[in-house]
Structure formats: C-alpha cells, structure tokens
Amino acid sequence: MIFQAIGLMSGTSLDGLDICFVKFEKTTSWNFEIVKAETVPYPSYWEDQLKNSIHFSAEKLLELNSEYGFYLGETVKNFIQKHQLEDIDLIASHGHTVFHQPHKKFTLQIGDGRAIKIETGLPVIYDFRSQDVLMGGNGAPLVPIGDELLFFQYDACLNLGGFSNISLKVNNQRIAFDIAPVNIVLNLFAQKFNKNFDENGDLARKGTINKDLLAKLNSLEFYNQSYPKSLGIEWCNENIFPLFESIEAIDILATFTEHIAQQISNVFNEYQLKNVLFTGGGTFNHYLIEKIKSKTNTEIIIPEKQIIEYKEALIFALMGILRLNNEINILSSSTGSSQDHSSGIIA
C-alpha cells in the first residue's frame, strides 16, 4: 500500500512552519521517502502572535485559532502549488502549542484543521494530543510511534527542539519522555545578542559556567521524576527563568548548555544506550554535541539534514495516515494514557 501525506509542524522555538511531503509504502514494515520539505519562516506578525498567545483572552485566542488555521492552509496550499504536488491523501497538522497542562486534563494546539481543509480542499487530521490527555496521558511525546515504525534500528531517538525528548525500548515496550528544555531557553538568550539562535553554540562557548546556577538547575524536581513526563513553557516560566536573575546572558548560555548536556548524558548512561539518532535544530549546535559526547560512551548518530530538520513533521504525516485508517498512532507506554489509541480529529 502506498500513501502520500503532508506533515505540518510548528515547534515551541518558533523558527517557522515545517512542511514535509512524504511518500510511505507499507509492506511487512513501513518505508518512507521525503519527496519535498521546507521550513517557512514566520513573518514578524505571526512570531509575535504565537509568542504572546499564552497571555491572550479566551475570545482573542479563539480568533487566533481560526486565523492561524487559515494561515496554515494558505501556506501549505502555496507549498503544494510551488512543487506541483499531486495525489495527496491528507494533511496532518500538529498546530502550535499554547497551553500544555496535562495534570489539569488540557492541552491546546491552535490552528483549526477545518480552516486548513477549507483552504486546501484536502482531508486534514489535527489536534493529536487532546484525546491522550483526556485519557490520563501527558499528550506527549507523540513521535515514538514513528520511532517504533520507521527508526527501530536505533537504541533510541533523541529530538533537540524547544525541549529535548527521547524514545527508547525498555523491556520490549517503547517509552518516551522529555529530558530538559533546550532551544526554548537558548534561543531567548541568543536574542540578547541580536541572533535568532546560538549558531554552532559559539556564544555559549565564550561564556563561563556558573556553578551555583548549574547546581540549582540540576536539582530541579522534574529530573528526579520517573517517566512518563513532559515539559511546557509554563514549567520554564515557573522553574527556570527565575533562576537567571542578575546573571550575564553569555554565562546563562554557557551554563544552560552544560546543564542540557549533563541531563541528556545522564539518561544515555542510565539506560546504557549503544547508539542514539539525533534530530531537531539543536543537532546543529556543535558545542552542545561536543559536551554530550564528552560525558557518555553512547554513539551519537547524526543523519542527513532532511531527517534532522523534518523528522517530527514526517512522523505527524505518518500519524495522520494511521488515524485515517483507524490504526494506533499513540503509545500509552510513552504518554502514560490508559491505553494505546488512534488520535486526531478528522476534518
């Protein structure tokens, strides 16, 4: 069976909308080919709206949900026309996370899928996380189903995006959890130097590690919790950013990069992982990768650029196909929900 789908992903780091058109073939296992993919940077208007959406009133947020849905639809329609794509089975849209509070039984990814469908005329699957949260899960991480079906040859898969998350097999079950914030913190402090992100980790490399700050970061309760567990911007606002008062931005970058490397290598060493596939924008942070390598014997596998940049969008495309066929696309062993299930609203 052959399926063709577009995955849309907007991460917490706000570097743009990832659009990935993938051809899947299902035989005894799943195979894939990324046909076309690109990241469309957000215009300043959308960057501001999405960044500030957490502070909006309910009325304003409902308006933004529709407006952003039409923006997604228009953007993906342009992508389809630009690359003259045909025979598309569906669009799978992650949306953009505004709130993520699974302990209160809600998570919100804006970008109304019905608006995307109106713009494109194609079936759209969206809101993949809410059902899992209602079933007692974290609503995250969701990509482990793709790791299980597409990247099973590795001991683990690590994504370095706004947050770092990992999926791996333990006792023949795929577990997954968030490890630590990454670009959601690093990008913010790189902006103090008029940069969107800390390219290659060059800024962090120049800073000095603040040992007191590092000790406070490493002692945060989240790191002692067992999986499944997930992080959101609310957690950073409450637990991370208040620790940075009166510390130079360059030293925050150095210290937080060290913190990320320590937390990731702790996980690698705890589970005695032989090799780990790295993806997400943080994979291009050479200094961070060096730091992780210095703390573990785990082999770090860095794939081709397309996989680094578009693995999440690729997996959401797969999740959309699974949902359309009413097959399991969320693993309870990864999210903590009451059972495996097929999630996503079909427009």
# chains A, B, ... in the order shown; residues from 1 in each chain; ligands from 1

call {"tool": "closest_atom_pairs", "arguments": {"of": "segment 145-177 of chain A", "to": "segment 183-187 of chain A", "cutoff": "9 Å", "atoms": "only C-alpha atoms", "output": "JSON lines"}}
result
{"residue": "A:Leu160", "atom": "CA", "partner": "A:Asn183", "partner_atom": "CA", "distance": 7.7}
{"residue": "A:Gly161", "atom": "CA", "partner": "A:Asn183", "partner_atom": "CA", "distance": 5.9}
{"residue": "A:Gly162", "atom": "CA", "partner": "A:Asn183", "partner_atom": "CA", "distance": 4.4}
{"residue": "A:Phe163", "atom": "CA", "partner": "A:Asn183", "partner_atom": "CA", "distance": 6.6}
{"residue": "A:Ser164", "atom": "CA", "partner": "A:Asn183", "partner_atom": "CA", "distance": 8.7}

call {"tool": "residues_around", "arguments": {"residues": "segment 66-75 of chain A", "least_positions_apart": "4", "cutoff": "10 Å", "atoms": "only C-alpha atoms", "output": "ChimeraX atom specification"}}
result
/A:8,17,19,40,46,49-50,61-62,79-80,91,93,95-96,110-122,124

call {"tool": "select_by_dssp", "arguments": {"residues": "segment 22-58 of chain A", "states": "alpha helix (DSSP H)", "output": "list in words"}}
result
Ser44, Tyr45, Trp46, Glu47, Asp48, Gln49, Leu50, Lys51, Asn52 and Ala58 of chain A

call {"tool": "atom_distance", "arguments": {"atom1": "atom CA of Gly146 of chain A", "atom2": "atom CA of Ser265 of chain A"}}
result
23.1 Å

call {"tool": "closest_residue", "arguments": {"among": "A:Lys60, A:Lys229, A:Lys206, A:Lys77", "to": "Asn138 of chain A", "atoms": "only C-alpha atoms"}}
result
A:Lys229

call {"tool": "closest_residue", "arguments": {"among": "A:Asp202, A:Glu248, A:Asp147, A:Glu309", "to": "Thr279 of chain A", "atoms": "only C-alpha atoms"}}
result
A:Glu309
